[in-house]
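Pasting coords_36.txt here (compact mmCIF, N, CA and C atoms):
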```txt
# COMPACT_ATOMS: atom_id res chain seq x y z
N MET A 1 -84.06 -52.80 -142.70
CA MET A 1 -85.31 -52.52 -143.38
C MET A 1 -85.08 -51.49 -144.46
N SER A 2 -85.91 -51.53 -145.48
CA SER A 2 -85.77 -50.56 -146.56
C SER A 2 -86.52 -49.30 -146.20
N GLU A 3 -86.04 -48.21 -146.75
CA GLU A 3 -86.61 -46.90 -146.48
C GLU A 3 -87.84 -46.70 -147.36
N GLN A 4 -88.91 -46.21 -146.81
CA GLN A 4 -90.13 -45.94 -147.54
C GLN A 4 -90.02 -44.58 -148.22
N LEU A 5 -90.22 -44.50 -149.55
CA LEU A 5 -90.20 -43.25 -150.29
C LEU A 5 -91.62 -42.82 -150.61
N PRO A 6 -91.84 -41.53 -150.68
CA PRO A 6 -93.18 -41.08 -151.08
C PRO A 6 -93.48 -41.57 -152.50
N PRO A 7 -94.75 -41.80 -152.85
CA PRO A 7 -95.10 -42.38 -154.15
C PRO A 7 -94.74 -41.52 -155.35
N ASP A 8 -94.54 -40.17 -155.20
CA ASP A 8 -94.26 -39.31 -156.34
C ASP A 8 -92.78 -39.24 -156.69
N GLU A 9 -91.89 -39.75 -155.85
CA GLU A 9 -90.46 -39.62 -156.10
C GLU A 9 -89.92 -40.83 -156.85
N ASP A 10 -88.87 -40.61 -157.68
CA ASP A 10 -88.18 -41.72 -158.32
C ASP A 10 -87.36 -42.43 -157.27
N PHE A 11 -87.01 -43.67 -157.53
CA PHE A 11 -86.16 -44.39 -156.60
C PHE A 11 -85.06 -45.09 -157.36
N ALA A 12 -84.06 -45.58 -156.66
CA ALA A 12 -82.89 -46.19 -157.28
C ALA A 12 -82.82 -47.65 -156.90
N ASP A 13 -82.19 -48.46 -157.81
CA ASP A 13 -81.99 -49.86 -157.49
C ASP A 13 -80.80 -49.99 -156.54
N GLU A 14 -80.37 -51.19 -156.24
CA GLU A 14 -79.31 -51.40 -155.26
C GLU A 14 -77.96 -50.85 -155.72
N PHE A 15 -77.77 -50.54 -157.00
CA PHE A 15 -76.51 -50.00 -157.50
C PHE A 15 -76.56 -48.49 -157.66
N GLY A 16 -77.68 -47.87 -157.33
CA GLY A 16 -77.78 -46.43 -157.41
C GLY A 16 -78.35 -45.92 -158.72
N ALA A 17 -78.69 -46.80 -159.68
CA ALA A 17 -79.24 -46.36 -160.95
C ALA A 17 -80.71 -46.02 -160.78
N ALA A 18 -81.14 -44.96 -161.45
CA ALA A 18 -82.54 -44.55 -161.36
C ALA A 18 -83.41 -45.59 -162.03
N VAL A 19 -84.52 -45.91 -161.39
CA VAL A 19 -85.46 -46.90 -161.90
C VAL A 19 -86.80 -46.23 -162.10
N GLU A 20 -87.38 -46.44 -163.28
CA GLU A 20 -88.70 -45.88 -163.56
C GLU A 20 -89.76 -46.72 -162.88
N LYS A 21 -90.71 -46.04 -162.32
CA LYS A 21 -91.85 -46.77 -161.76
C LYS A 21 -92.85 -47.00 -162.88
N THR A 22 -93.46 -48.17 -162.88
CA THR A 22 -94.49 -48.45 -163.88
C THR A 22 -95.82 -47.93 -163.36
N PRO A 23 -96.61 -47.33 -164.23
CA PRO A 23 -97.91 -46.83 -163.77
C PRO A 23 -98.81 -47.99 -163.38
N PRO A 24 -99.70 -47.77 -162.45
CA PRO A 24 -100.60 -48.86 -162.04
C PRO A 24 -101.55 -49.21 -163.18
N MET A 25 -101.87 -50.51 -163.28
CA MET A 25 -102.78 -50.98 -164.33
C MET A 25 -104.22 -50.84 -163.82
N PRO A 26 -105.14 -50.50 -164.72
CA PRO A 26 -106.54 -50.47 -164.31
C PRO A 26 -107.00 -51.87 -163.90
N PRO A 27 -107.92 -51.96 -162.98
CA PRO A 27 -108.39 -53.28 -162.53
C PRO A 27 -108.98 -54.06 -163.71
N GLY A 28 -108.70 -55.35 -163.75
CA GLY A 28 -109.26 -56.23 -164.77
C GLY A 28 -108.47 -56.27 -166.06
N THR A 29 -107.33 -55.57 -166.15
CA THR A 29 -106.52 -55.62 -167.36
C THR A 29 -105.22 -56.34 -167.07
N GLU A 30 -104.64 -56.91 -168.11
CA GLU A 30 -103.38 -57.62 -167.96
C GLU A 30 -102.25 -56.76 -168.51
N PRO A 31 -101.06 -56.89 -167.92
CA PRO A 31 -99.93 -56.14 -168.47
C PRO A 31 -99.59 -56.66 -169.86
N PRO A 32 -98.99 -55.81 -170.72
CA PRO A 32 -98.65 -56.27 -172.06
C PRO A 32 -97.61 -57.38 -172.02
N LYS A 33 -97.78 -58.35 -172.92
CA LYS A 33 -96.85 -59.48 -172.97
C LYS A 33 -95.66 -59.13 -173.86
N PRO A 34 -94.46 -59.56 -173.49
CA PRO A 34 -93.30 -59.30 -174.35
C PRO A 34 -93.47 -59.97 -175.71
N VAL A 35 -92.94 -59.35 -176.74
CA VAL A 35 -93.04 -59.87 -178.10
C VAL A 35 -92.21 -61.15 -178.19
N GLY A 36 -92.75 -62.16 -178.86
CA GLY A 36 -92.02 -63.41 -179.05
C GLY A 36 -92.21 -64.42 -177.93
N VAL A 37 -92.98 -64.09 -176.91
CA VAL A 37 -93.21 -65.01 -175.80
C VAL A 37 -94.57 -65.65 -176.01
N GLU A 38 -94.60 -66.98 -175.95
CA GLU A 38 -95.87 -67.69 -176.13
C GLU A 38 -96.76 -67.49 -174.92
N PRO A 39 -98.07 -67.35 -175.13
CA PRO A 39 -98.96 -67.20 -173.99
C PRO A 39 -99.00 -68.49 -173.18
N GLU A 40 -99.25 -68.35 -171.91
CA GLU A 40 -99.33 -69.51 -171.03
C GLU A 40 -100.58 -70.31 -171.39
N ARG A 41 -100.44 -71.62 -171.48
CA ARG A 41 -101.57 -72.47 -171.84
C ARG A 41 -102.31 -72.90 -170.58
N HIS A 42 -103.61 -72.89 -170.66
CA HIS A 42 -104.44 -73.34 -169.54
C HIS A 42 -105.20 -74.57 -170.00
N PHE A 43 -105.07 -75.65 -169.27
CA PHE A 43 -105.77 -76.88 -169.60
C PHE A 43 -106.91 -77.06 -168.61
N VAL A 44 -108.07 -77.34 -169.14
CA VAL A 44 -109.22 -77.56 -168.29
C VAL A 44 -109.64 -79.01 -168.45
N GLY A 45 -109.51 -79.79 -167.41
CA GLY A 45 -109.89 -81.18 -167.46
C GLY A 45 -108.88 -82.03 -168.20
N THR A 46 -109.09 -83.33 -168.16
CA THR A 46 -108.16 -84.25 -168.80
C THR A 46 -108.79 -84.99 -169.97
N GLY A 47 -110.06 -84.77 -170.24
CA GLY A 47 -110.72 -85.50 -171.31
C GLY A 47 -111.11 -86.90 -170.90
N LEU A 48 -110.95 -87.23 -169.63
CA LEU A 48 -111.25 -88.57 -169.15
C LEU A 48 -112.72 -88.93 -169.36
N PHE A 49 -113.62 -88.00 -169.12
CA PHE A 49 -115.04 -88.28 -169.27
C PHE A 49 -115.38 -88.64 -170.70
N TRP A 50 -114.91 -87.83 -171.67
CA TRP A 50 -115.22 -88.12 -173.07
C TRP A 50 -114.53 -89.39 -173.54
N GLY A 51 -113.34 -89.67 -173.04
CA GLY A 51 -112.68 -90.92 -173.37
C GLY A 51 -113.48 -92.12 -172.88
N LEU A 52 -114.06 -91.99 -171.69
CA LEU A 52 -114.88 -93.06 -171.14
C LEU A 52 -116.14 -93.25 -171.96
N VAL A 53 -116.79 -92.16 -172.37
CA VAL A 53 -118.01 -92.25 -173.17
C VAL A 53 -117.72 -92.92 -174.51
N VAL A 54 -116.65 -92.48 -175.19
CA VAL A 54 -116.30 -93.07 -176.48
C VAL A 54 -115.94 -94.54 -176.31
N GLY A 55 -115.21 -94.88 -175.25
CA GLY A 55 -114.86 -96.27 -174.99
C GLY A 55 -116.09 -97.14 -174.75
N LEU A 56 -117.07 -96.62 -174.02
CA LEU A 56 -118.30 -97.39 -173.79
C LEU A 56 -119.09 -97.58 -175.08
N VAL A 57 -119.17 -96.57 -175.91
CA VAL A 57 -119.88 -96.69 -177.19
C VAL A 57 -119.19 -97.73 -178.07
N LEU A 58 -117.85 -97.68 -178.14
CA LEU A 58 -117.12 -98.67 -178.92
C LEU A 58 -117.31 -100.08 -178.36
N ALA A 59 -117.35 -100.22 -177.05
CA ALA A 59 -117.57 -101.54 -176.44
C ALA A 59 -118.94 -102.08 -176.82
N VAL A 60 -119.95 -101.23 -176.84
CA VAL A 60 -121.29 -101.67 -177.23
C VAL A 60 -121.29 -102.13 -178.70
N PHE A 61 -120.60 -101.38 -179.57
CA PHE A 61 -120.51 -101.78 -180.98
C PHE A 61 -119.81 -103.13 -181.13
N VAL A 62 -118.76 -103.37 -180.37
CA VAL A 62 -118.04 -104.65 -180.45
C VAL A 62 -118.92 -105.80 -179.96
N ILE A 63 -119.69 -105.56 -178.91
CA ILE A 63 -120.60 -106.60 -178.39
C ILE A 63 -121.66 -106.94 -179.43
N ILE A 64 -122.22 -105.92 -180.08
CA ILE A 64 -123.22 -106.17 -181.14
C ILE A 64 -122.58 -106.91 -182.31
N LEU A 65 -121.36 -106.49 -182.69
CA LEU A 65 -120.64 -107.16 -183.78
C LEU A 65 -120.39 -108.63 -183.44
N ALA A 66 -120.00 -108.91 -182.20
CA ALA A 66 -119.74 -110.29 -181.79
C ALA A 66 -121.03 -111.12 -181.80
N ALA A 67 -122.13 -110.52 -181.37
CA ALA A 67 -123.39 -111.26 -181.33
C ALA A 67 -123.91 -111.59 -182.72
N GLN A 68 -123.60 -110.75 -183.72
CA GLN A 68 -124.12 -110.96 -185.06
C GLN A 68 -123.18 -111.78 -185.94
N ASN A 69 -121.94 -112.03 -185.51
CA ASN A 69 -120.97 -112.74 -186.34
C ASN A 69 -120.43 -113.98 -185.62
N THR A 70 -121.34 -114.89 -185.29
CA THR A 70 -120.94 -116.10 -184.56
C THR A 70 -120.71 -117.29 -185.47
N GLN A 71 -121.02 -117.17 -186.77
CA GLN A 71 -120.86 -118.32 -187.66
C GLN A 71 -119.38 -118.71 -187.75
N SER A 72 -119.14 -119.98 -187.91
CA SER A 72 -117.78 -120.51 -187.98
C SER A 72 -117.26 -120.41 -189.42
N ILE A 73 -116.00 -120.01 -189.55
CA ILE A 73 -115.36 -119.93 -190.87
C ILE A 73 -114.06 -120.72 -190.82
N THR A 74 -113.57 -121.09 -192.00
CA THR A 74 -112.27 -121.76 -192.10
C THR A 74 -111.27 -120.71 -192.54
N PHE A 75 -110.22 -120.57 -191.74
CA PHE A 75 -109.19 -119.57 -191.99
C PHE A 75 -107.94 -120.31 -192.45
N SER A 76 -107.43 -119.97 -193.63
CA SER A 76 -106.25 -120.65 -194.19
C SER A 76 -105.10 -119.66 -194.28
N PHE A 77 -103.89 -120.14 -193.86
CA PHE A 77 -102.69 -119.31 -193.96
C PHE A 77 -101.49 -120.22 -194.13
N LEU A 78 -100.80 -120.10 -195.26
CA LEU A 78 -99.58 -120.87 -195.55
C LEU A 78 -99.73 -122.36 -195.30
N GLY A 79 -100.81 -122.92 -195.72
CA GLY A 79 -101.00 -124.37 -195.59
C GLY A 79 -101.68 -124.80 -194.31
N TRP A 80 -101.85 -123.90 -193.36
CA TRP A 80 -102.58 -124.23 -192.13
C TRP A 80 -104.03 -123.83 -192.29
N ASP A 81 -104.91 -124.62 -191.73
CA ASP A 81 -106.34 -124.32 -191.76
C ASP A 81 -106.89 -124.31 -190.34
N TRP A 82 -107.61 -123.26 -190.01
CA TRP A 82 -108.25 -123.16 -188.70
C TRP A 82 -109.74 -122.92 -188.90
N SER A 83 -110.53 -123.50 -188.04
CA SER A 83 -111.96 -123.23 -188.03
C SER A 83 -112.24 -122.40 -186.77
N THR A 84 -112.73 -121.21 -186.98
CA THR A 84 -112.94 -120.28 -185.85
C THR A 84 -114.15 -119.39 -186.15
N PRO A 85 -114.78 -118.84 -185.12
CA PRO A 85 -115.88 -117.90 -185.37
C PRO A 85 -115.37 -116.64 -186.09
N LEU A 86 -116.20 -116.06 -186.92
CA LEU A 86 -115.84 -114.87 -187.69
C LEU A 86 -115.43 -113.71 -186.78
N ILE A 87 -116.06 -113.56 -185.63
CA ILE A 87 -115.73 -112.45 -184.75
C ILE A 87 -114.29 -112.53 -184.25
N VAL A 88 -113.77 -113.74 -184.09
CA VAL A 88 -112.37 -113.90 -183.64
C VAL A 88 -111.43 -113.35 -184.71
N VAL A 89 -111.71 -113.65 -185.97
CA VAL A 89 -110.88 -113.15 -187.07
C VAL A 89 -110.97 -111.62 -187.13
N ILE A 90 -112.17 -111.06 -186.98
CA ILE A 90 -112.35 -109.61 -187.02
C ILE A 90 -111.59 -108.94 -185.87
N LEU A 91 -111.75 -109.47 -184.66
CA LEU A 91 -111.11 -108.85 -183.50
C LEU A 91 -109.59 -108.99 -183.52
N VAL A 92 -109.08 -110.13 -183.97
CA VAL A 92 -107.63 -110.29 -184.07
C VAL A 92 -107.07 -109.33 -185.13
N SER A 93 -107.77 -109.18 -186.24
CA SER A 93 -107.34 -108.23 -187.27
C SER A 93 -107.33 -106.81 -186.72
N LEU A 94 -108.36 -106.46 -185.97
CA LEU A 94 -108.43 -105.13 -185.35
C LEU A 94 -107.29 -104.92 -184.36
N LEU A 95 -107.01 -105.93 -183.54
CA LEU A 95 -105.93 -105.84 -182.56
C LEU A 95 -104.57 -105.69 -183.23
N VAL A 96 -104.33 -106.45 -184.29
CA VAL A 96 -103.06 -106.33 -185.02
C VAL A 96 -102.94 -104.93 -185.62
N GLY A 97 -104.02 -104.39 -186.17
CA GLY A 97 -103.99 -103.04 -186.72
C GLY A 97 -103.68 -101.98 -185.66
N ILE A 98 -104.27 -102.12 -184.48
CA ILE A 98 -104.01 -101.17 -183.39
C ILE A 98 -102.56 -101.24 -182.95
N VAL A 99 -102.03 -102.45 -182.79
CA VAL A 99 -100.63 -102.61 -182.36
C VAL A 99 -99.68 -102.01 -183.39
N LEU A 100 -99.91 -102.28 -184.67
CA LEU A 100 -99.06 -101.70 -185.71
C LEU A 100 -99.14 -100.18 -185.72
N ASP A 101 -100.34 -99.64 -185.53
CA ASP A 101 -100.51 -98.19 -185.48
C ASP A 101 -99.74 -97.59 -184.31
N GLU A 102 -99.78 -98.22 -183.15
CA GLU A 102 -99.06 -97.71 -181.98
C GLU A 102 -97.55 -97.78 -182.19
N ILE A 103 -97.07 -98.83 -182.83
CA ILE A 103 -95.63 -98.94 -183.09
C ILE A 103 -95.17 -97.83 -184.03
N VAL A 104 -95.93 -97.60 -185.11
CA VAL A 104 -95.58 -96.52 -186.05
C VAL A 104 -95.65 -95.17 -185.35
N GLY A 105 -96.67 -94.95 -184.53
CA GLY A 105 -96.79 -93.69 -183.78
C GLY A 105 -95.64 -93.49 -182.81
N LEU A 106 -95.20 -94.56 -182.17
CA LEU A 106 -94.07 -94.48 -181.24
C LEU A 106 -92.80 -94.06 -181.97
N VAL A 107 -92.58 -94.60 -183.16
CA VAL A 107 -91.40 -94.24 -183.95
C VAL A 107 -91.45 -92.76 -184.33
N PHE A 108 -92.61 -92.28 -184.80
CA PHE A 108 -92.73 -90.88 -185.19
C PHE A 108 -92.58 -89.94 -183.99
N ARG A 109 -93.16 -90.31 -182.82
CA ARG A 109 -93.02 -89.46 -181.63
C ARG A 109 -91.58 -89.41 -181.16
N ALA A 110 -90.88 -90.54 -181.20
CA ALA A 110 -89.47 -90.56 -180.78
C ALA A 110 -88.63 -89.69 -181.71
N ARG A 111 -88.90 -89.76 -183.00
CA ARG A 111 -88.14 -88.93 -183.95
C ARG A 111 -88.43 -87.44 -183.72
N ARG A 112 -89.68 -87.10 -183.48
CA ARG A 112 -90.05 -85.70 -183.22
C ARG A 112 -89.38 -85.19 -181.94
N ARG A 113 -89.33 -86.02 -180.90
CA ARG A 113 -88.66 -85.61 -179.66
C ARG A 113 -87.17 -85.36 -179.88
N ARG A 114 -86.54 -86.22 -180.68
CA ARG A 114 -85.11 -86.01 -180.98
C ARG A 114 -84.90 -84.71 -181.73
N ILE A 115 -85.79 -84.41 -182.69
CA ILE A 115 -85.65 -83.18 -183.48
C ILE A 115 -85.87 -81.96 -182.59
N LEU A 116 -86.86 -82.00 -181.72
CA LEU A 116 -87.16 -80.85 -180.86
C LEU A 116 -86.16 -80.67 -179.74
N ALA A 117 -85.46 -81.73 -179.37
CA ALA A 117 -84.52 -81.64 -178.25
C ALA A 117 -83.21 -81.02 -178.61
```

Target format structure tokens, applied to this file:
Amino acid sequence: MSEQLPPDEDFADEFGAAVEKTPPMPPGTEPPKPVGVEPERHFVGTGLFWGLVVGLVLAVFVIILAAQNTQSITFSFLGWDWSTPLIVVILVSLLVGIVLDEIVGLVFRARRRRILA
């Protein structure tokens, strides 16, 4: 067991070197942070609720868009002709845009990870 020293005396570490005692901090205060050290980040929640709300609002907009754009159009590409509802063309275009955006984002995130690593 370690020997108990009175609170007013200095004490030594395991090698015999004198060690300064730090004064007690007042209640409710934090000790000073070392210079150059980033503060610890605290995350509250995951944003799942707001993601769900935004997703539901977007779903309602897509349903309204589909209900208002049911007329059939002829879609031509390189000599092929298709007859399809306008909403199909809009949604396929939206889906292609999202996929391309995710691919570009994946490339940028991978490059950033390589640079930071």

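The space separating atom CA of Leu65 of chain A from atom CA of Leu91 of chain A comes to 9.7 Å.
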
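Comparing the minimum interatomic distances between Gln68 of chain A and each of A:Met25, A:Ile87, A:Leu94, A:Leu52, counting only N, CA and C atoms, we find that A:Ile87 sits nearest.
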
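Across the structure, atom C of Thr84 of chain A and atom CA of Asn69 of chain A are spaced 9.5 Å apart.
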
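For the atom pair formed by atom C of Ile63 of chain A and atom C of Leu86 of chain A, the distance is 11.8 Å, given to one decimal.
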
* Residues of segment 56-115 of chain A in strand (DSSP E) according to DSSP, as an MDAnalysis selection string? -> chainID A and resid 72:77 80:85
